[in-house]
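**Q** First, the structure itself, so that you have it in front of you.
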Amino acid sequence: MNAIAANRPRNQMSRQTSCYPQSVKKLTPLFLLLPIVEMLALVEFGRRTSATWTLLVVLITAILGLRLIRRQGAQTLIKVQQDFRTGVLPANSIVDGLLLSIAGLLLIIPGLLTDVVGCCILSRRVRDLVKLYLVRFFTRLVGYRVTEMNTAGSSKTETFRFDRESNKWIP
């Protein structure tokens with residue numbers, strides 16, 4: 001320890017700047033342990049059934065995940081366009097599409113635990129719980145809600161007000 005560091009209080013010494021955000025530091029053990037746990041689960045599954053069944057499960061879930069991502073991307077775009085045409089805020093459709101894409105990605109990743117989590121996200125109830133959590137998280141994060149939106153046209157500015165009861169933007 002150098003002389004400058006020795007004179008600093010202990011709590012200031014632990015606050016060294018890092019190039020990684022705090023959230024990445026919290027997720028690092030997950031990214032290190034997840035592949036190990038997935039491999040152990042696959043080996044145990046293969047030991048209890050057979051290597052053929054293990055490979056079939058991994059391949060089938062990967063194919064289903066790819067199909068889900070492809071189909072869901074197109075359906076989300078169609079749903080968002082319909083929401084815009086009817087004047088409904090498409091946040092729900094976008095979050096549903098995002099969660100279903102995450103489910104497809106988890107199904108593509110070889111492993112049993114990611115497959116179970118991906119299948120859980122396919123459930124409407126689980127997606128609704130995740131959306132509820134996200135709403136609460138972002139409400140706390142932002143601390144207020146946007147109730148007006150301005151759009152700048154070519155020569156005029158239109159102001160829209162968001163009606164929470166009808167879930168629509170009103171001019």
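Chains: A, B, ... in order of the structure tokens. Residues: from 1 per chain. Ligands: from 1, in order shown.
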Give me, as a list in words, all polymer residues having an atom no more than 10 Å from Gly111 of chain A, counting only C-alpha atoms and skipping those fewer than 3 positions away in the same chain.

**A**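 Selected residues are Leu34, Pro35, Val37, Glu38, Met39, Leu40, Ala41, Leu42, Thr54, Val57, Val58, Thr61, Ala62, Leu106, Leu107, Ile108, Thr114, Asp115 and Val116 of chain A.
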
**Q** Quick one: write out the picked residues with N, CA and C atoms as a tab-separated table (two decimals), in the first residue's frame?

**A**
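Output (again_18.tsv):
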```tsv
chain	number	residue	atom	x	y	z
A	34	LEU	N	-23.76	-20.63	-14.58
A	34	LEU	CA	-24.82	-21.19	-15.42
A	34	LEU	C	-24.33	-22.27	-16.38
A	35	PRO	N	-23.23	-22.06	-17.12
A	35	PRO	CA	-22.78	-23.15	-18.01
A	35	PRO	C	-22.38	-24.41	-17.25
A	37	VAL	N	-23.63	-25.48	-14.31
A	37	VAL	CA	-24.85	-26.13	-13.85
A	37	VAL	C	-25.59	-26.77	-15.03
A	38	GLU	N	-25.61	-26.09	-16.18
A	38	GLU	CA	-26.26	-26.65	-17.37
A	38	GLU	C	-25.57	-27.94	-17.82
A	39	MET	N	-24.26	-27.95	-17.81
A	39	MET	CA	-23.54	-29.17	-18.21
A	39	MET	C	-23.80	-30.31	-17.23
A	40	LEU	N	-23.80	-30.00	-15.94
A	40	LEU	CA	-24.09	-31.04	-14.95
A	40	LEU	C	-25.51	-31.58	-15.11
A	41	ALA	N	-26.47	-30.69	-15.39
A	41	ALA	CA	-27.84	-31.14	-15.59
A	41	ALA	C	-27.97	-32.00	-16.84
A	42	LEU	N	-27.28	-31.62	-17.92
A	42	LEU	CA	-27.31	-32.43	-19.14
A	42	LEU	C	-26.67	-33.80	-18.93
A	54	THR	N	-31.02	-37.15	-24.75
A	54	THR	CA	-30.46	-35.85	-24.38
A	54	THR	C	-30.24	-34.99	-25.62
A	57	VAL	N	-33.63	-33.86	-27.08
A	57	VAL	CA	-34.24	-32.76	-26.31
A	57	VAL	C	-33.55	-31.44	-26.64
A	58	VAL	N	-32.24	-31.45	-26.69
A	58	VAL	CA	-31.49	-30.22	-26.99
A	58	VAL	C	-31.81	-29.73	-28.40
A	61	THR	N	-35.66	-28.50	-28.72
A	61	THR	CA	-35.91	-27.20	-28.08
A	61	THR	C	-35.21	-26.07	-28.85
A	62	ALA	N	-34.05	-26.35	-29.44
A	62	ALA	CA	-33.37	-25.33	-30.25
A	62	ALA	C	-34.19	-25.00	-31.50
A	106	LEU	N	-33.75	-18.48	-24.97
A	106	LEU	CA	-33.44	-19.44	-23.91
A	106	LEU	C	-33.64	-20.88	-24.38
A	107	LEU	N	-34.61	-21.09	-25.26
A	107	LEU	CA	-34.81	-22.44	-25.80
A	107	LEU	C	-33.70	-22.82	-26.78
A	108	ILE	N	-33.12	-21.85	-27.45
A	108	ILE	CA	-32.02	-22.13	-28.38
A	108	ILE	C	-30.76	-22.54	-27.64
A	114	THR	N	-32.19	-23.58	-18.87
A	114	THR	CA	-32.63	-22.49	-19.74
A	114	THR	C	-33.89	-22.89	-20.50
A	115	ASP	N	-34.02	-24.17	-20.84
A	115	ASP	CA	-35.25	-24.64	-21.49
A	115	ASP	C	-36.45	-24.51	-20.56
A	116	VAL	N	-36.27	-24.85	-19.30
A	116	VAL	CA	-37.37	-24.75	-18.34
A	116	VAL	C	-37.77	-23.29	-18.16
```

**Q** If you measure from atom CA of Arg125 of chain A to atom CA of Val95 of chain A, what distance in Å do you get, rounded to one decimal?

**A**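 We find that atom CA of Arg125 of chain A and atom CA of Val95 of chain A lie 13.8 Å from each other.
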
**Q** If you measure from atom CA of Ile69 of chain A to atom CA of Gly104 of chain A, what distance in Å do you get, rounded to one decimal?

**A**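 Value for the atom CA of Ile69 of chain A-atom CA of Gly104 of chain A distance: 5.4 Å.
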
**Q** Looking at A:Leu77, A:Leu113, A:Val24, A:Leu56, which one is nearest to Gly97 of chain A, with distances taken over only C-alpha atoms?

**A**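 With only C-alpha atoms as the atom set, the closest residue is A:Leu77.
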
**Q** Provide the atom CA of Leu99 of chain A to atom CA of Ser166 of chain A distance in Å, to one decimal place.

**A** 24.2 Å

**Q** Which is closest to Gly118 of chain A among A:Gly65, A:Gln75, A:Ile36, A:Arg48, if we use only C-alpha atoms?

**A**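 Counting only C-alpha atoms, the residue closest to Gly118 of chain A is A:Gly65.
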
**Q** Could you pull out the helix (DSSP H, G or I) residues of segment 37-158 of chain A, going by DSSP on the backbone, and write them as a ChimeraX atom specification?

**A** /A:37-48,51-86,91-108,112-122,124-142
